[in-house]
>>> print(open('protein.tsv').read())   # TSV, C-alpha atoms
chain	number	residue	atom	x	y	z
S	1	MET	CA	-31.76	21.09	-3.70
S	2	THR	CA	-31.02	17.74	-5.28
S	3	ILE	CA	-32.31	14.38	-4.06
S	4	HIS	CA	-30.85	11.33	-5.73
S	5	PRO	CA	-33.58	8.80	-6.47
S	6	SER	CA	-33.28	5.78	-4.21
S	7	SER	CA	-33.33	2.19	-5.40
S	8	ASP	CA	-36.38	0.05	-4.60
S	9	ALA	CA	-34.47	-1.70	-1.83
S	10	ALA	CA	-33.55	1.62	-0.24
S	11	ALA	CA	-36.89	3.36	-0.85
S	12	SER	CA	-38.06	2.84	2.72
S	13	LEU	CA	-34.85	4.24	4.22
S	14	ARG	CA	-34.71	7.83	5.31
S	15	THR	CA	-32.82	10.38	3.21
S	16	VAL	CA	-29.54	11.70	4.63
S	17	ARG	CA	-28.99	15.46	4.26
S	18	ILE	CA	-25.43	16.41	3.35
S	19	ALA	CA	-23.65	19.67	2.54
S	20	VAL	CA	-20.31	20.17	0.75
S	21	ILE	CA	-17.39	22.47	1.59
S	22	GLY	CA	-15.14	23.19	-1.38
S	23	ALA	CA	-15.90	23.71	-5.06
S	24	GLY	CA	-12.47	22.86	-6.45
S	25	ARG	CA	-11.53	19.71	-8.31
S	26	ILE	CA	-12.38	17.25	-5.55
S	27	GLY	CA	-15.44	19.23	-4.47
S	28	GLU	CA	-16.79	18.94	-7.99
S	29	VAL	CA	-16.20	15.17	-7.90
S	30	HIS	CA	-18.13	14.87	-4.65
S	31	ALA	CA	-20.95	17.13	-5.85
S	32	SER	CA	-21.29	15.05	-9.01
S	33	ASN	CA	-21.36	11.74	-7.16
S	34	LEU	CA	-23.74	12.90	-4.45
S	35	THR	CA	-26.26	14.12	-7.02
S	36	THR	CA	-25.97	11.31	-9.57
S	37	ARG	CA	-24.65	8.08	-8.03
S	38	VAL	CA	-25.10	7.96	-4.25
S	39	LYS	CA	-28.41	6.54	-3.04
S	40	GLY	CA	-30.68	8.10	-0.44
S	41	VAL	CA	-29.01	11.49	-0.10
S	42	GLU	CA	-30.16	15.11	-0.30
S	43	VAL	CA	-27.47	17.72	-1.00
S	44	THR	CA	-28.53	20.76	1.01
S	45	GLY	CA	-25.84	23.20	-0.10
S	46	ILE	CA	-22.29	23.94	-1.20
S	47	TYR	CA	-19.90	26.63	0.00
S	48	ASP	CA	-16.53	27.86	-1.23
S	49	SER	CA	-14.65	31.06	-0.45
S	50	ASP	CA	-14.67	31.53	-4.24
S	51	LEU	CA	-18.40	32.11	-4.53
S	52	GLU	CA	-18.30	32.25	-8.33
S	53	ARG	CA	-16.79	28.79	-8.42
S	54	ALA	CA	-19.42	27.58	-5.98
S	55	ARG	CA	-22.16	29.08	-8.15
S	56	THR	CA	-20.78	27.27	-11.20
S	57	ILE	CA	-20.83	23.91	-9.41
S	58	GLY	CA	-24.18	24.65	-7.80
S	59	LYS	CA	-25.77	25.45	-11.14
S	60	GLN	CA	-24.22	22.40	-12.79
S	61	PHE	CA	-25.57	19.95	-10.21
S	62	GLY	CA	-28.64	21.76	-8.90
S	63	ILE	CA	-27.20	22.45	-5.44
S	64	PRO	CA	-28.06	25.59	-3.44
S	65	VAL	CA	-25.05	27.88	-2.93
S	66	ARG	CA	-24.54	29.14	0.61
S	67	GLN	CA	-22.90	32.48	1.32
S	68	SER	CA	-20.97	31.42	4.43
S	69	LEU	CA	-20.04	28.37	6.46
S	70	GLU	CA	-22.59	29.37	9.07
S	71	ALA	CA	-25.29	29.40	6.39
S	72	LEU	CA	-24.07	26.07	5.04
S	73	PHE	CA	-24.35	24.46	8.46
S	74	ALA	CA	-27.83	25.89	9.12
S	75	GLU	CA	-29.77	26.30	5.87
S	76	GLY	CA	-31.36	23.09	4.63
S	77	ALA	CA	-30.69	21.45	8.03
S	78	PRO	CA	-27.80	19.19	6.97
S	79	GLU	CA	-26.77	16.39	9.31
S	80	ALA	CA	-23.41	15.68	7.68
S	81	ILE	CA	-20.70	17.46	5.74
S	82	VAL	CA	-18.20	16.49	3.05
S	83	ILE	CA	-15.01	18.54	3.31
S	84	GLY	CA	-13.02	19.09	0.12
S	85	SER	CA	-11.43	22.43	0.97
S	86	PRO	CA	-7.65	23.12	0.81
S	87	SER	CA	-5.61	20.90	3.14
S	88	SER	CA	-4.59	23.74	5.43
S	89	LEU	CA	-8.27	24.39	6.26
S	90	HIS	CA	-9.35	20.81	6.97
S	91	LEU	CA	-8.84	20.84	10.74
S	92	ASP	CA	-10.65	24.15	11.21
S	93	HIS	CA	-13.53	23.02	9.01
S	94	VAL	CA	-13.82	19.71	10.87
S	95	LYS	CA	-14.01	21.50	14.22
S	96	GLN	CA	-16.55	24.03	12.96
S	97	ALA	CA	-18.73	21.33	11.40
S	98	VAL	CA	-18.64	19.14	14.51
S	99	GLY	CA	-19.41	22.20	16.62
S	100	ALA	CA	-22.53	22.61	14.49
S	101	GLY	CA	-23.48	19.01	15.24
S	102	LEU	CA	-22.57	17.50	11.86
S	103	HIS	CA	-21.01	14.17	10.98
S	104	VAL	CA	-17.90	14.54	8.81
S	105	LEU	CA	-16.26	13.01	5.78
S	106	CYS	CA	-12.95	14.81	5.30
S	107	GLU	CA	-10.44	14.47	2.51
S	108	LYS	CA	-6.92	13.65	3.60
S	109	PRO	CA	-4.95	15.09	5.23
S	110	LEU	CA	-7.20	15.44	8.23
S	111	ALA	CA	-4.63	17.96	9.48
S	112	LEU	CA	-1.07	18.90	8.56
S	113	ASP	CA	0.52	17.47	11.72
S	114	GLU	CA	-0.06	14.68	14.21
S	115	GLU	CA	-1.34	17.00	16.91
S	116	GLY	CA	-4.00	18.36	14.57
S	117	ILE	CA	-5.12	14.88	13.51
S	118	ALA	CA	-5.38	13.79	17.14
S	119	GLU	CA	-7.37	16.93	17.94
S	120	ALA	CA	-9.84	16.27	15.13
S	121	VAL	CA	-10.31	12.67	16.30
S	122	ARG	CA	-10.79	13.81	19.89
S	123	VAL	CA	-13.33	16.52	19.02
S	124	CYS	CA	-15.44	14.14	16.94
S	125	ARG	CA	-15.33	11.48	19.66
S	126	GLU	CA	-16.29	13.93	22.42
S	127	LYS	CA	-19.22	15.27	20.38
S	128	GLY	CA	-20.34	11.81	19.29
S	129	ARG	CA	-19.97	12.65	15.60
S	130	LEU	CA	-18.80	10.25	12.89
S	131	LEU	CA	-15.49	11.02	11.18
S	132	GLN	CA	-14.59	9.29	7.92
S	133	ILE	CA	-11.35	9.93	6.02
S	134	GLY	CA	-11.12	10.13	2.23
S	135	PHE	CA	-8.80	7.18	1.63
S	136	ASN	CA	-10.88	6.32	-1.41
S	137	ARG	CA	-8.69	3.48	-2.69
S	138	ARG	CA	-10.21	1.18	-0.08
S	139	PHE	CA	-13.42	1.35	-2.12
S	140	ASP	CA	-11.85	0.40	-5.46
S	141	ALA	CA	-13.35	-2.91	-6.65
S	142	ASN	CA	-9.93	-4.43	-7.40
S	143	ASN	CA	-8.63	-3.60	-3.95
S	144	VAL	CA	-11.78	-4.91	-2.27
S	145	THR	CA	-11.36	-8.22	-4.10
S	146	MET	CA	-7.68	-8.46	-3.18
S	147	ARG	CA	-8.46	-7.85	0.48
S	148	GLU	CA	-11.06	-10.61	0.37
S	149	GLU	CA	-8.47	-12.99	-1.06
S	150	VAL	CA	-6.24	-12.21	1.92
S	151	GLN	CA	-8.96	-12.20	4.59
S	152	THR	CA	-10.44	-15.54	3.51
S	153	GLY	CA	-7.00	-17.16	3.59
S	154	ARG	CA	-7.13	-18.25	-0.05
S	155	ILE	CA	-3.61	-16.98	-0.75
S	156	GLY	CA	-2.26	-18.27	2.56
S	157	GLN	CA	0.05	-16.28	4.79
S	158	VAL	CA	0.99	-12.91	3.32
S	159	ARG	CA	4.72	-12.79	2.60
S	160	SER	CA	5.09	-9.62	0.56
S	161	ILE	CA	3.16	-6.80	-1.06
S	162	ARG	CA	4.27	-4.50	-3.87
S	163	ILE	CA	2.44	-1.26	-4.63
S	164	THR	CA	3.30	0.77	-7.73
S	165	SER	CA	1.80	4.26	-7.77
S	166	ARG	CA	2.99	6.69	-10.45
S	167	ASP	CA	1.40	9.98	-11.37
S	168	PRO	CA	1.24	10.98	-15.04
S	169	TRP	CA	2.71	14.45	-14.52
S	170	PRO	CA	4.17	16.49	-11.64
S	171	PRO	CA	1.99	18.88	-9.65
S	172	SER	CA	2.44	22.63	-9.62
S	173	ILE	CA	5.08	24.04	-7.30
S	174	ASP	CA	2.41	25.94	-5.39
S	175	TYR	CA	0.69	22.62	-4.73
S	176	VAL	CA	3.96	20.98	-3.67
S	177	LYS	CA	4.54	23.74	-1.13
S	178	SER	CA	1.03	23.57	0.35
S	179	SER	CA	0.31	19.83	0.24
S	180	GLY	CA	2.87	18.58	2.75
S	181	GLY	CA	5.12	16.98	0.11
S	182	MET	CA	5.01	13.75	-1.86
S	183	ILE	CA	5.17	11.38	1.11
S	184	MET	CA	2.39	13.09	3.05
S	185	ASP	CA	0.27	13.88	0.01
S	186	MET	CA	0.70	11.00	-2.44
S	187	THR	CA	2.39	8.06	-0.75
S	188	ILE	CA	0.18	8.23	2.32
S	189	HIS	CA	-2.57	6.63	0.19
S	190	ASP	CA	-0.26	3.67	-0.38
S	191	PHE	CA	0.49	3.32	3.33
S	192	ASP	CA	-3.22	3.15	4.11
S	193	LEU	CA	-3.76	0.73	1.22
S	194	ALA	CA	-0.98	-1.56	2.47
S	195	ARG	CA	-2.61	-1.69	5.91
S	196	TYR	CA	-6.05	-2.28	4.41
S	197	LEU	CA	-5.00	-5.04	2.01
S	198	THR	CA	-2.87	-7.02	4.45
S	199	GLY	CA	-4.88	-6.35	7.60
S	200	GLU	CA	-1.58	-5.73	9.37
S	201	GLU	CA	0.23	-2.83	10.98
S	202	ILE	CA	3.50	-1.50	9.54
S	203	VAL	CA	6.18	-1.38	12.23
S	204	GLU	CA	9.32	-0.27	10.37
S	205	VAL	CA	10.25	1.50	7.14
S	206	ALA	CA	13.34	2.25	5.06
S	207	ALA	CA	13.22	4.80	2.26
S	208	PHE	CA	15.22	6.17	-0.64
S	209	GLY	CA	14.10	9.24	-2.57
S	210	GLY	CA	15.34	11.92	-4.90
S	211	CYS	CA	14.41	14.59	-7.39
S	212	LEU	CA	14.84	13.47	-11.01
S	213	ILE	CA	11.76	14.86	-12.72
S	214	ASP	CA	11.37	18.56	-11.91
S	215	PRO	CA	14.28	20.49	-10.36
S	216	ALA	CA	11.82	23.06	-9.02
S	217	ILE	CA	10.34	20.35	-6.78
S	218	GLY	CA	13.78	19.81	-5.26
S	219	GLU	CA	14.25	23.54	-4.84
S	220	ALA	CA	10.95	23.57	-2.94
S	221	GLY	CA	12.41	20.98	-0.55
S	222	ASP	CA	10.55	17.94	-1.82
S	223	ILE	CA	11.25	14.76	-3.80
S	224	ASP	CA	9.57	13.38	-6.91
S	225	ILE	CA	10.68	9.74	-6.87
S	226	ALA	CA	10.87	7.24	-4.00
S	227	THR	CA	11.10	3.57	-3.16
S	228	ILE	CA	10.05	2.58	0.33
S	229	MET	CA	10.44	-0.74	2.14
S	230	LEU	CA	7.79	-1.70	4.69
S	231	LYS	CA	8.05	-4.26	7.47
S	232	PHE	CA	4.80	-5.60	8.90
S	233	GLN	CA	4.07	-6.98	12.35
S	234	SER	CA	4.12	-10.56	11.06
S	235	GLY	CA	7.51	-10.09	9.40
S	236	ALA	CA	6.02	-9.73	5.90
S	237	ILE	CA	7.78	-7.22	3.65
S	238	GLY	CA	6.31	-4.53	1.41
S	239	VAL	CA	7.59	-2.23	-1.30
S	240	VAL	CA	5.99	1.05	-2.36
S	241	GLU	CA	7.34	2.66	-5.52
S	242	ASN	CA	6.30	6.21	-6.43
S	243	THR	CA	7.12	8.75	-9.10
S	244	ARG	CA	5.54	12.10	-9.82
S	245	ALA	CA	5.50	11.53	-13.60
S	246	THR	CA	5.40	8.72	-16.14
S	247	PRO	CA	5.21	8.95	-19.94
S	248	TYR	CA	2.23	6.62	-20.34
S	249	GLY	CA	-0.49	7.52	-17.82
S	250	TYR	CA	-1.58	6.86	-14.27
S	251	ASP	CA	0.17	3.67	-13.21
S	252	GLN	CA	-1.61	1.84	-10.36
S	253	ARG	CA	-0.66	-1.79	-9.74
S	254	VAL	CA	-0.61	-4.07	-6.70
S	255	GLU	CA	0.71	-7.58	-6.09
S	256	ILE	CA	0.37	-9.62	-2.90
S	257	LEU	CA	2.36	-12.83	-2.55
S	258	GLY	CA	1.09	-15.43	-0.12
S	259	SER	CA	2.28	-18.86	0.91
S	260	ASN	CA	-0.33	-20.53	-1.35
S	261	ALA	CA	-0.84	-18.06	-4.19
S	262	SER	CA	-0.35	-14.53	-5.39
S	263	VAL	CA	-3.02	-12.00	-6.33
S	264	GLU	CA	-2.47	-9.01	-8.60
S	265	SER	CA	-4.41	-6.00	-9.82
S	266	GLU	CA	-3.37	-4.45	-13.12
S	267	ASN	CA	-3.93	-1.00	-14.53
S	268	MET	CA	-7.38	0.02	-15.67
S	269	THR	CA	-7.44	0.96	-19.36
S	270	PRO	CA	-10.07	2.52	-21.64
S	271	SER	CA	-10.54	-0.92	-23.21
S	272	ARG	CA	-9.06	-4.41	-23.02
S	273	VAL	CA	-8.47	-4.53	-26.78
S	274	THR	CA	-5.07	-5.71	-28.04
S	275	THR	CA	-4.06	-4.96	-31.62
S	276	ARG	CA	-1.60	-7.39	-33.22
S	277	SER	CA	0.18	-6.93	-36.52
S	278	SER	CA	3.44	-7.79	-38.27
S	279	THR	CA	5.12	-4.89	-36.48
S	280	GLY	CA	4.08	-6.02	-33.00
S	281	GLN	CA	1.13	-5.65	-30.67
S	282	THR	CA	-0.35	-2.70	-28.82
S	283	GLN	CA	-2.71	-2.17	-25.90
S	284	PRO	CA	-4.23	1.03	-24.52
S	285	ASN	CA	-2.26	2.92	-21.89
S	286	PRO	CA	-3.68	3.26	-18.37
S	287	LEU	CA	-6.43	5.73	-17.64
S	288	PRO	CA	-5.03	9.28	-17.51
S	289	PHE	CA	-5.34	10.20	-13.81
S	290	PHE	CA	-6.97	9.44	-10.46
S	291	LEU	CA	-10.31	11.06	-11.34
S	292	GLN	CA	-10.85	8.44	-14.04
S	293	ARG	CA	-9.08	5.51	-12.36
S	294	TYR	CA	-10.90	5.83	-9.04
S	295	GLU	CA	-14.22	7.20	-10.28
S	296	SER	CA	-16.28	4.39	-8.74
S	297	ALA	CA	-14.17	4.42	-5.56
S	298	PHE	CA	-15.11	8.07	-4.92
S	299	SER	CA	-18.82	7.27	-5.15
S	300	GLY	CA	-18.28	4.13	-3.06
S	301	GLU	CA	-16.72	6.02	-0.17
S	302	LEU	CA	-19.58	8.53	-0.20
S	303	GLN	CA	-22.18	5.76	-0.21
S	304	ALA	CA	-20.43	4.11	2.74
S	305	PHE	CA	-20.47	7.41	4.64
S	306	VAL	CA	-24.13	8.06	3.89
S	307	ASP	CA	-25.01	4.54	5.04
S	308	ALA	CA	-22.98	4.98	8.24
S	309	VAL	CA	-24.82	8.23	9.06
S	310	ARG	CA	-28.21	6.73	8.26
S	311	GLU	CA	-27.63	3.51	10.20
S	312	ASP	CA	-25.56	5.06	13.02
S	313	LYS	CA	-22.74	2.60	12.47
S	314	ALA	CA	-18.96	2.82	12.41
S	315	VAL	CA	-17.33	4.46	9.39
S	316	ALA	CA	-15.21	2.44	6.96
S	317	VAL	CA	-12.08	4.61	7.34
S	318	SER	CA	-11.60	6.28	10.72
S	319	GLY	CA	-9.61	9.16	12.12
S	320	GLU	CA	-7.42	6.55	13.79
S	321	ASP	CA	-6.60	5.21	10.30
S	322	ALA	CA	-5.53	8.71	9.31
S	323	LEU	CA	-3.29	8.92	12.37
S	324	ARG	CA	-1.63	5.55	11.66
S	325	ALA	CA	-0.96	6.48	8.02
S	326	HIS	CA	0.48	9.81	9.14
S	327	ARG	CA	2.86	8.10	11.55
S	328	ILE	CA	4.08	5.79	8.78
S	329	ALA	CA	4.71	8.84	6.61
S	330	GLN	CA	6.59	10.52	9.46
S	331	ALA	CA	8.85	7.47	9.82
S	332	VAL	CA	9.51	7.50	6.06
S	333	GLN	CA	10.49	11.15	6.20
S	334	ARG	CA	12.89	10.38	9.05
S	335	SER	CA	14.37	7.52	7.03
S	336	LEU	CA	14.90	9.77	4.00
S	337	LYS	CA	16.90	12.13	6.21
S	338	SER	CA	18.84	9.54	8.22
S	339	GLY	CA	19.47	7.00	5.48
S	340	GLN	CA	18.54	4.32	8.03
S	341	PRO	CA	15.48	2.18	8.78
S	342	GLU	CA	13.07	3.88	11.18
S	343	ARG	CA	10.47	2.46	13.53
S	344	VAL	CA	6.82	3.51	13.20
S	345	GLN	CA	5.35	4.93	16.38
S	346	ALA	CA	2.91	2.44	17.86
S	347	GLY	CA	-0.38	3.04	19.66
S	348	ILE	CA	-3.06	5.68	19.17
>>> encode(input="protein.tsv", output="structure tokens")
Amino acid sequence: MTIHPSSDAAASLRTVRIAVIGAGRIGEVHASNLTTRVKGVEVTGIYDSDLERARTIGKQFGIPVRQSLEALFAEGAPEAIVIGSPSSLHLDHVKQAVGAGLHVLCEKPLALDEEGIAEAVRVCREKGRLLQIGFNRRFDANNVTMREEVQTGRIGQVRSIRITSRDPWPPSIDYVKSSGGMIMDMTIHDFDLARYLTGEEIVEVAAFGGCLIDPAIGEAGDIDIATIMLKFQSGAIGVVENTRATPYGYDQRVEILGSNASVESENMTPSRVTTRSSTGQTQPNPLPFFLQRYESAFSGELQAFVDAVREDKAVAVSGEDALRAHRIAQAVQRSLKSGQPERVQAGI
């Protein structure tokens, strides 16, 4: 088992024991962060239905491989779980983990429908277990700074927000079919980010979308490009612009306009070097994809979860946040079908 060395300030704090479900792409990210970057944590085991994949990750990061979920929940006496399994299994894994008495950090989506999300929230509440959702962009340093600019009032009253989120290449068709579609899978991050940055609820949406990148995505019943208008409780307006592919990298930009000032976050690049010559000037393109762009955000969300478990405090991103983002996504899907603005269901 792997214990990350604690900092001097955290040396007196108890170690939190955590296990991992899932040895795919995101499971590998979590395993890496838990064993190299997160403070005060012991990784007690990893499980995946593909045991060979689990063994590869376990060997790479020094994590014991468990042969079943039951073994994962029992061996090494974990007190919390990080769920990075396929989306269709999230709800079942949450319920099983909570039934075993574990606190939970679950990747989005918490479930594939509203009823499932509500069930997960209810089960965790009834059992007194923490439930944190993997909306990792809240832990990005740029986004944290922008939220502070809003919360302290330095930019004045928020009037508008613009979020640009463009993937570098389209996903596989198998992924499109199993992920819930672009709005539920990709854009839902932007809905949560808009709520986080402004501190406001979204009450109405209007959306346009189409399929211009990969015809197979359209044949699978999904879209690969969308522009979505958001209306906030205060009357402020937002715009989210998504595409499934761009020719220059992973495009992640945000601008918030207030009554006193605006605040912007630009793309992260491998360097800030600009080359100038007689033929023009060049700068590096954005980082290639989310694993590089949000590397520190992934470790930040895990550290926040570990601290919440250790200190028995509220999580940074709750199941209720997942439910609100899901309802915004539902309203967007209705707007895409109706061609009209749609209200977002209120309440929890």
>>> residues_around(input="protein.tsv", residues="S:Gly84", least_positions_apart="5", cutoff="8 Å", atoms="all atoms listed in the file", output="list in words")
Val20, Ile21, Gly22, Ala23, Gly24, Ile26, Gly27, His90, Cys106 and Glu107 of chain S
>>> closest_residue(input="protein.tsv", among="S:Ala141, S:Ile63, S:Val254, S:Val176", to="S:Gly76", atoms="all atoms listed in the file")
S:Ile63
>>> closest_residue(input="protein.tsv", among="S:Thr282, S:Ser265, S:Ser318, S:Ser271", to="S:Glu149", atoms="all atoms listed in the file")
S:Ser265
>>> closest_residue(input="protein.tsv", among="S:Asn136, S:Thr274, S:Ser299, S:Gln340", to="S:Thr35", atoms="all atoms listed in the file")
S:Ser299
>>> atom_distance(input="protein.tsv", atom1="atom CA of S:Ile173", atom2="atom CA of S:Ala245")
14.0 Å
>>> atom_distance(input="protein.tsv", atom1="atom CA of S:Gly116", atom2="atom CA of S:Arg17")
27.2 Å
>>> atom_distance(input="protein.tsv", atom1="atom CA of S:Ala322", atom2="atom CA of S:Gln233")
18.6 Å
>>> axis_aligned_box(input="protein.tsv", around="stretch 265-270 of chain S", padding_each_side="3 Å", output="lines of an AutoDock Vina configuration file")
center_x = -6.7
center_y = -1.7
center_z = -15.7
size_x = 12.7
size_y = 14.5
size_z = 17.8
>>> closest_residue(input="protein.tsv", among="S:Arg137, S:Gly153, S:Gly319, S:Ser262", to="S:Arg122", atoms="only C-alpha atoms")
S:Gly319
>>> closest_residue(input="protein.tsv", among="S:Pro247, S:Pro109, S:Pro270, S:Gly238", to="S:Arg324", atoms="only C-alpha atoms")
S:Pro109
>>> closest_residue(input="protein.tsv", among="S:Ser277, S:Thr243, S:Thr36, S:Gln333", to="S:Ile163", atoms="all atoms listed in the file")
S:Thr243
>>> closest_atom_pairs(input="protein.tsv", of="stretch 9-46 of chain S", to="stretch 300-310 of chain S", cutoff="9 Å", atoms="only C-alpha atoms", output="JSON lines")
{"residue": "S:Leu13", "atom": "CA", "partner": "S:Arg310", "partner_atom": "CA", "distance": 8.2}
{"residue": "S:Arg14", "atom": "CA", "partner": "S:Arg310", "partner_atom": "CA", "distance": 7.2}
{"residue": "S:Thr15", "atom": "CA", "partner": "S:Arg310", "partner_atom": "CA", "distance": 7.8}
{"residue": "S:Val16", "atom": "CA", "partner": "S:Arg310", "partner_atom": "CA", "distance": 6.3}
{"residue": "S:Arg17", "atom": "CA", "partner": "S:Val306", "partner_atom": "CA", "distance": 8.9}
{"residue": "S:Ile18", "atom": "CA", "partner": "S:Val306", "partner_atom": "CA", "distance": 8.5}
{"residue": "S:His30", "atom": "CA", "partner": "S:Leu302", "partner_atom": "CA", "distance": 7.9}
{"residue": "S:Asn33", "atom": "CA", "partner": "S:Leu302", "partner_atom": "CA", "distance": 7.9}
{"residue": "S:Leu34", "atom": "CA", "partner": "S:Leu302", "partner_atom": "CA", "distance": 7.4}
{"residue": "S:Arg37", "atom": "CA", "partner": "S:Gln303", "partner_atom": "CA", "distance": 8.5}
{"residue": "S:Val38", "atom": "CA", "partner": "S:Gln303", "partner_atom": "CA", "distance": 5.4}
{"residue": "S:Lys39", "atom": "CA", "partner": "S:Gln303", "partner_atom": "CA", "distance": 6.9}
{"residue": "S:Gly40", "atom": "CA", "partner": "S:Val306", "partner_atom": "CA", "distance": 7.9}
{"residue": "S:Val41", "atom": "CA", "partner": "S:Val306", "partner_atom": "CA", "distance": 7.2}
>>> residues_near_point(input="protein.tsv", point="(-7.1, -0.7, -14.8)", cutoff="9 Å", atoms="only C-alpha atoms", output="list in words")
Asn142, Asp251, Gln252, Arg253, Ser265, Glu266, Asn267, Met268, Thr269, Pro270, Pro286, Leu287 and Arg293 of chain S
>>> residues_near_point(input="protein.tsv", point="(-25.0, 29.9, 0.5)", cutoff="10 Å", atoms="all atoms listed in the file", output="list in words")
Thr44, Gly45, Ile46, Tyr47, Asp48, Leu51, Ala54, Arg55, Gly58, Ile63, Pro64, Val65, Arg66, Gln67, Ser68, Leu69, Glu70, Ala71, Leu72, Phe73, Ala74 and Glu75 of chain S
